[in-house]
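Shown next, in structure tokens, is the structure this report addresses.
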Amino acid sequence: MRQVGIVGVGHTKFGKSDVSFLEMLTQAALEAMDDAGAKTGKDNVIDQVFVASMGAGMLNRISGSASALVDTLNIRPAMAECIENGPASGASAIKLGYMAIASGMCDCVLVVGGEMMRVVSGWEATDFVATMLHPTGEYPYGITLPSFAGLFTRLRFEKYGETSEDLARISVKNHANAMNNPCAHIQRKVKLERISDPRYVDATSPMVADPLRQFDMCPVSDGAAAVLLVAKDKQEELGFGHKTFARIAGIASATDTHYVADRADPTELLAVRTAAEKAYKMAGMGPEDIDCAELHDAFLILELAESEECGFFPKGEAHLAVRRGETEIGGKLPINTSGGLKAKGHPLGATGVSQVVELVRQVRGEATGRQVEGAKTGMAVNFGGFGNNVVATIVTTK
């Protein structure tokens, strides 16, 4: 199978966009193309464009955004498709880009993920995200992603002895990392006592879904991110020989029951574990080979759970590693150097692509202010639904 790698990355500022959805996608795409040195018009070498978004049609009244983007970028007649897989749309699009090149159908693929969610209220955004839940057994009863996360957190607290202060420590870490990420939605330092001390917490971090508070979950964000994929055997010929080849060593996805109540143990994230194991097998690597990780922390409890399912820490012990500072930059395994979804933001379709952009910057040594020293291999987990569709990606320069 052909080697596939990333030679260009692009990323808009997450937060509130002041341009249209298509313009936002275009900004990220052009930055990735400029990073790689890709050209438009008659000199275009991009064979395929995938655009990842969960709700562009619903929220922004635009469908067929991939073909619109191809035309806007002047890279016709490139093939164009839109990909929707909930919050895992971005990584799914990268997986399809990988498959298109590995199969020999394409030599160069542009993947762009984007979401413009702040055009509606927070309540409407919460409802929009909840549409991915079970259509008859969950959504009609008012269940939302925050409510599921609250229940999941309570179960883990009881099972493993984790505490709200452990989540607050992750929040402090991820906000500190985002301070050095110019693309992050929230660039604001957080003091542990202000979001954990009973004297202040009700005012600074109100309860959202018991026991989860405002600082235990991500904001609603607009934003876009892009990666340019190329076949290793065509890198020179296509004009990208001057760029570091960030190889996609492993990429895999897995599903779990759509109806969460059908799971034998609701504290287990089997799709995360399976996707990670498949990605490790494909890459010929294990957890010990990972230098940094971007984990889907839409709710901070997920950073703990995913880090265990990926094999970074024994079951029920990730919070102890957090207490020891092992997941901080400079620690044993830095997690969410970008700020994570918690502080960088979470525009659904963009998130999986954004995670991989951060890994590429880390393994290229370009993550200024948040660089993991000597990082050569990184892993991302993009989490869809409440763990019912998950994609794991390993990127390396080894």
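By order of appearance in the structure tokens: chains A, B, ..., then residues from 1 within every chain, and ligands from 1 in the order shown.
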Original post:
How would you write, as a PyMOL selection string, the set of residues in range 128-268 of chain A that DSSP gives as alpha helix (DSSP H)?
Top reply: chain A and resi 128-130+145-160+164-178+192-196+201-204
**OP:** Using only C-alpha atoms, determine which residues lie at most 9 Å from range 124-139 of chain A, disregarding the query and same-chain residues fewer than 2 positions distant; provide the list as a ChimeraX atom specification.
**Re:** /A:54-55,58-59,85-87,117-122,141-146,220,258-260,348,384-386
**OP:** Would you mind listing what lies within 12 Å of Ser20 in chain A as a list in words, with only C-alpha atoms counted and same-chain residues fewer than 5 positions away left out?
**Re:** Leu25, Thr26, Gln27, Ala56, Leu59, Asn60, Arg61, Ile62, Ser65, Gly114, Glu115, Met116, Met117, Arg118, Val119, Asp222, Gly223 and Ala224 of chain A
Output N, CA and C atoms for every residue in that selection, as a PDB file, in the first residue's frame.
ATOM      1  N   LEU A  25     -13.927  28.195   5.003  1.00  0.00           N
ATOM      2  CA  LEU A  25     -13.290  27.006   4.436  1.00  0.00           C
ATOM      3  C   LEU A  25     -12.154  27.397   3.506  1.00  0.00           C
ATOM      4  N   THR A  26     -12.390  28.413   2.704  1.00  0.00           N
ATOM      5  CA  THR A  26     -11.398  28.862   1.728  1.00  0.00           C
ATOM      6  C   THR A  26     -10.132  29.350   2.416  1.00  0.00           C
ATOM      7  N   GLN A  27     -10.284  30.085   3.497  1.00  0.00           N
ATOM      8  CA  GLN A  27      -9.121  30.577   4.234  1.00  0.00           C
ATOM      9  C   GLN A  27      -8.231  29.430   4.701  1.00  0.00           C
ATOM     10  N   ALA A  56     -23.618  22.168   8.058  1.00  0.00           N
ATOM     11  CA  ALA A  56     -23.619  23.344   7.175  1.00  0.00           C
ATOM     12  C   ALA A  56     -24.985  23.558   6.532  1.00  0.00           C
ATOM     13  N   LEU A  59     -27.459  24.606   9.639  1.00  0.00           N
ATOM     14  CA  LEU A  59     -27.182  25.870  10.321  1.00  0.00           C
ATOM     15  C   LEU A  59     -26.877  27.024   9.374  1.00  0.00           C
ATOM     16  N   ASN A  60     -26.230  26.733   8.246  1.00  0.00           N
ATOM     17  CA  ASN A  60     -25.734  27.793   7.372  1.00  0.00           C
ATOM     18  C   ASN A  60     -26.408  27.819   6.011  1.00  0.00           C
ATOM     19  N   ARG A  61     -27.333  26.893   5.796  1.00  0.00           N
ATOM     20  CA  ARG A  61     -28.096  26.839   4.549  1.00  0.00           C
ATOM     21  C   ARG A  61     -27.194  26.695   3.327  1.00  0.00           C
ATOM     22  N   ILE A  62     -26.140  25.888   3.475  1.00  0.00           N
ATOM     23  CA  ILE A  62     -25.280  25.598   2.332  1.00  0.00           C
ATOM     24  C   ILE A  62     -25.013  24.098   2.287  1.00  0.00           C
ATOM     25  N   SER A  65     -20.968  21.986  -0.311  1.00  0.00           N
ATOM     26  CA  SER A  65     -19.886  22.952  -0.083  1.00  0.00           C
ATOM     27  C   SER A  65     -18.561  22.504  -0.679  1.00  0.00           C
ATOM     28  N   GLY A 114     -14.938  22.124   8.606  1.00  0.00           N
ATOM     29  CA  GLY A 114     -15.403  23.416   9.096  1.00  0.00           C
ATOM     30  C   GLY A 114     -16.786  23.346   9.689  1.00  0.00           C
ATOM     31  N   GLU A 115     -17.064  24.263  10.593  1.00  0.00           N
ATOM     32  CA  GLU A 115     -18.394  24.398  11.178  1.00  0.00           C
ATOM     33  C   GLU A 115     -18.580  25.844  11.596  1.00  0.00           C
ATOM     34  N   MET A 116     -19.776  26.361  11.354  1.00  0.00           N
ATOM     35  CA  MET A 116     -20.114  27.713  11.801  1.00  0.00           C
ATOM     36  C   MET A 116     -21.347  27.583  12.699  1.00  0.00           C
ATOM     37  N   MET A 117     -21.104  27.503  14.002  1.00  0.00           N
ATOM     38  CA  MET A 117     -22.142  27.154  14.971  1.00  0.00           C
ATOM     39  C   MET A 117     -22.686  28.350  15.745  1.00  0.00           C
ATOM     40  N   ARG A 118     -21.975  29.462  15.712  1.00  0.00           N
ATOM     41  CA  ARG A 118     -22.373  30.591  16.542  1.00  0.00           C
ATOM     42  C   ARG A 118     -23.415  31.481  15.873  1.00  0.00           C
ATOM     43  N   VAL A 119     -23.984  30.977  14.771  1.00  0.00           N
ATOM     44  CA  VAL A 119     -25.095  31.683  14.140  1.00  0.00           C
ATOM     45  C   VAL A 119     -26.410  31.396  14.859  1.00  0.00           C
ATOM     46  N   ASP A 222     -16.932  28.603  15.932  1.00  0.00           N
ATOM     47  CA  ASP A 222     -16.810  28.587  14.477  1.00  0.00           C
ATOM     48  C   ASP A 222     -15.341  28.302  14.153  1.00  0.00           C
ATOM     49  N   GLY A 223     -15.086  27.737  12.988  1.00  0.00           N
ATOM     50  CA  GLY A 223     -13.692  27.574  12.576  1.00  0.00           C
ATOM     51  C   GLY A 223     -13.518  26.533  11.498  1.00  0.00           C
ATOM     52  N   ALA A 224     -12.342  26.532  10.884  1.00  0.00           N
ATOM     53  CA  ALA A 224     -12.017  25.576   9.825  1.00  0.00           C
ATOM     54  C   ALA A 224     -10.544  25.209   9.900  1.00  0.00           C
TER      55      ALA A 224
END
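Residues in contact with range 261-267 of chain A at up to 8 Å, not including ones fewer than 3 positions away on its chain and judged by only C-alpha atoms, are A:Phe152, A:Leu155, A:Arg156, A:Thr257.
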Print the selection's residues with N, CA and C atoms to a file, as a PDB file, in the first residue's frame.
ATOM      1  N   PHE A 152     -21.916   9.959  32.578  1.00  0.00           N
ATOM      2  CA  PHE A 152     -20.658   9.224  32.399  1.00  0.00           C
ATOM      3  C   PHE A 152     -19.637   9.635  33.459  1.00  0.00           C
ATOM      4  N   LEU A 155     -20.519   8.168  36.909  1.00  0.00           N
ATOM      5  CA  LEU A 155     -20.181   6.750  36.982  1.00  0.00           C
ATOM      6  C   LEU A 155     -18.684   6.545  37.179  1.00  0.00           C
ATOM      7  N   ARG A 156     -17.866   7.325  36.446  1.00  0.00           N
ATOM      8  CA  ARG A 156     -16.409   7.185  36.587  1.00  0.00           C
ATOM      9  C   ARG A 156     -15.934   7.676  37.954  1.00  0.00           C
ATOM     10  N   THR A 257     -22.405   0.589  20.160  1.00  0.00           N
ATOM     11  CA  THR A 257     -23.852   0.652  20.055  1.00  0.00           C
ATOM     12  C   THR A 257     -24.314   2.101  19.948  1.00  0.00           C
TER      13      THR A 257
END
Closest pair table for range 235-305 of chain A residues within 12 Å of range 204-219 of chain A, only C-alpha atoms, as a Markdown table:
| residue | atom | partner | partner_atom | distance |
| --- | --- | --- | --- | --- |
| A:His296 | CA | A:Cys218 | CA | 10.0 |
| A:Asp297 | CA | A:Met217 | CA | 7.5 |
| A:Ala298 | CA | A:Cys218 | CA | 5.1 |
| A:Phe299 | CA | A:Met217 | CA | 4.4 |
| A:Leu300 | CA | A:Asp216 | CA | 5.4 |
| A:Ile301 | CA | A:Asp216 | CA | 7.9 |
| A:Leu302 | CA | A:Met217 | CA | 9.9 |
| A:Glu303 | CA | A:Asp216 | CA | 10.8 |
Residues from the last selection, all heavy atoms, saved as a PDB file, in the first residue's frame:
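Result saved to result13.pdb:
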ATOM      1  N   HIS A 296     -10.032  14.051  22.214  1.00  0.00           N
ATOM      2  CA  HIS A 296     -11.302  14.769  22.051  1.00  0.00           C
ATOM      3  C   HIS A 296     -11.919  15.051  23.432  1.00  0.00           C
ATOM      4  O   HIS A 296     -12.687  14.254  23.972  1.00  0.00           O
ATOM      5  CB  HIS A 296     -12.229  13.894  21.200  1.00  0.00           C
ATOM      6  CG  HIS A 296     -13.438  14.580  20.685  1.00  0.00           C
ATOM      7  ND1 HIS A 296     -13.642  14.824  19.346  1.00  0.00           N
ATOM      8  CD2 HIS A 296     -14.532  15.069  21.304  1.00  0.00           C
ATOM      9  CE1 HIS A 296     -14.806  15.413  19.160  1.00  0.00           C
ATOM     10  NE2 HIS A 296     -15.374  15.577  20.346  1.00  0.00           N
ATOM     11  N   ASP A 297     -11.610  16.215  23.983  1.00  0.00           N
ATOM     12  CA  ASP A 297     -12.053  16.574  25.338  1.00  0.00           C
ATOM     13  C   ASP A 297     -13.220  17.563  25.304  1.00  0.00           C
ATOM     14  O   ASP A 297     -13.205  18.578  26.006  1.00  0.00           O
ATOM     15  CB  ASP A 297     -10.891  17.157  26.141  1.00  0.00           C
ATOM     16  CG  ASP A 297     -10.334  18.436  25.534  1.00  0.00           C
ATOM     17  OD1 ASP A 297     -10.420  18.587  24.297  1.00  0.00           O
ATOM     18  OD2 ASP A 297      -9.834  19.296  26.275  1.00  0.00           O
ATOM     19  N   ALA A 298     -14.254  17.254  24.507  1.00  0.00           N
ATOM     20  CA  ALA A 298     -15.437  18.104  24.512  1.00  0.00           C
ATOM     21  C   ALA A 298     -15.958  18.242  25.941  1.00  0.00           C
ATOM     22  O   ALA A 298     -16.484  19.281  26.339  1.00  0.00           O
ATOM     23  CB  ALA A 298     -16.512  17.515  23.605  1.00  0.00           C
ATOM     24  N   PHE A 299     -15.799  17.166  26.715  1.00  0.00           N
ATOM     25  CA  PHE A 299     -16.032  17.148  28.154  1.00  0.00           C
ATOM     26  C   PHE A 299     -14.758  16.576  28.762  1.00  0.00           C
ATOM     27  O   PHE A 299     -14.245  15.558  28.295  1.00  0.00           O
ATOM     28  CB  PHE A 299     -17.253  16.290  28.482  1.00  0.00           C
ATOM     29  CG  PHE A 299     -18.461  16.676  27.663  1.00  0.00           C
ATOM     30  CD1 PHE A 299     -18.799  15.960  26.523  1.00  0.00           C
ATOM     31  CD2 PHE A 299     -19.218  17.781  28.011  1.00  0.00           C
ATOM     32  CE1 PHE A 299     -19.882  16.325  25.744  1.00  0.00           C
ATOM     33  CE2 PHE A 299     -20.301  18.162  27.238  1.00  0.00           C
ATOM     34  CZ  PHE A 299     -20.637  17.438  26.096  1.00  0.00           C
ATOM     35  N   LEU A 300     -14.243  17.219  29.785  1.00  0.00           N
ATOM     36  CA  LEU A 300     -12.894  16.890  30.255  1.00  0.00           C
ATOM     37  C   LEU A 300     -12.752  15.456  30.729  1.00  0.00           C
ATOM     38  O   LEU A 300     -11.659  14.891  30.676  1.00  0.00           O
ATOM     39  CB  LEU A 300     -12.471  17.873  31.352  1.00  0.00           C
ATOM     40  CG  LEU A 300     -12.266  19.310  30.867  1.00  0.00           C
ATOM     41  CD1 LEU A 300     -11.819  20.206  32.009  1.00  0.00           C
ATOM     42  CD2 LEU A 300     -11.238  19.373  29.735  1.00  0.00           C
ATOM     43  N   ILE A 301     -13.849  14.851  31.174  1.00  0.00           N
ATOM     44  CA  ILE A 301     -13.776  13.446  31.576  1.00  0.00           C
ATOM     45  C   ILE A 301     -13.312  12.570  30.424  1.00  0.00           C
ATOM     46  O   ILE A 301     -12.674  11.529  30.633  1.00  0.00           O
ATOM     47  CB  ILE A 301     -15.153  12.967  32.100  1.00  0.00           C
ATOM     48  CG1 ILE A 301     -15.021  11.641  32.831  1.00  0.00           C
ATOM     49  CG2 ILE A 301     -16.175  12.898  30.979  1.00  0.00           C
ATOM     50  CD1 ILE A 301     -14.244  11.724  34.133  1.00  0.00           C
ATOM     51  N   LEU A 302     -13.582  13.002  29.180  1.00  0.00           N
ATOM     52  CA  LEU A 302     -13.192  12.208  28.022  1.00  0.00           C
ATOM     53  C   LEU A 302     -11.678  12.176  27.839  1.00  0.00           C
ATOM     54  O   LEU A 302     -11.138  11.187  27.324  1.00  0.00           O
ATOM     55  CB  LEU A 302     -13.868  12.729  26.755  1.00  0.00           C
ATOM     56  CG  LEU A 302     -15.388  12.570  26.696  1.00  0.00           C
ATOM     57  CD1 LEU A 302     -15.943  13.168  25.405  1.00  0.00           C
ATOM     58  CD2 LEU A 302     -15.797  11.108  26.819  1.00  0.00           C
ATOM     59  N   GLU A 303     -10.986  13.233  28.237  1.00  0.00           N
ATOM     60  CA  GLU A 303      -9.522  13.193  28.135  1.00  0.00           C
ATOM     61  C   GLU A 303      -8.964  12.075  29.008  1.00  0.00           C
ATOM     62  O   GLU A 303      -8.055  11.348  28.600  1.00  0.00           O
ATOM     63  CB  GLU A 303      -8.909  14.542  28.527  1.00  0.00           C
ATOM     64  CG  GLU A 303      -7.390  14.535  28.390  1.00  0.00           C
ATOM     65  CD  GLU A 303      -6.733  15.892  28.617  1.00  0.00           C
ATOM     66  OE1 GLU A 303      -7.257  16.907  28.105  1.00  0.00           O
ATOM     67  OE2 GLU A 303      -5.689  15.929  29.295  1.00  0.00           O
TER      68      GLU A 303
END
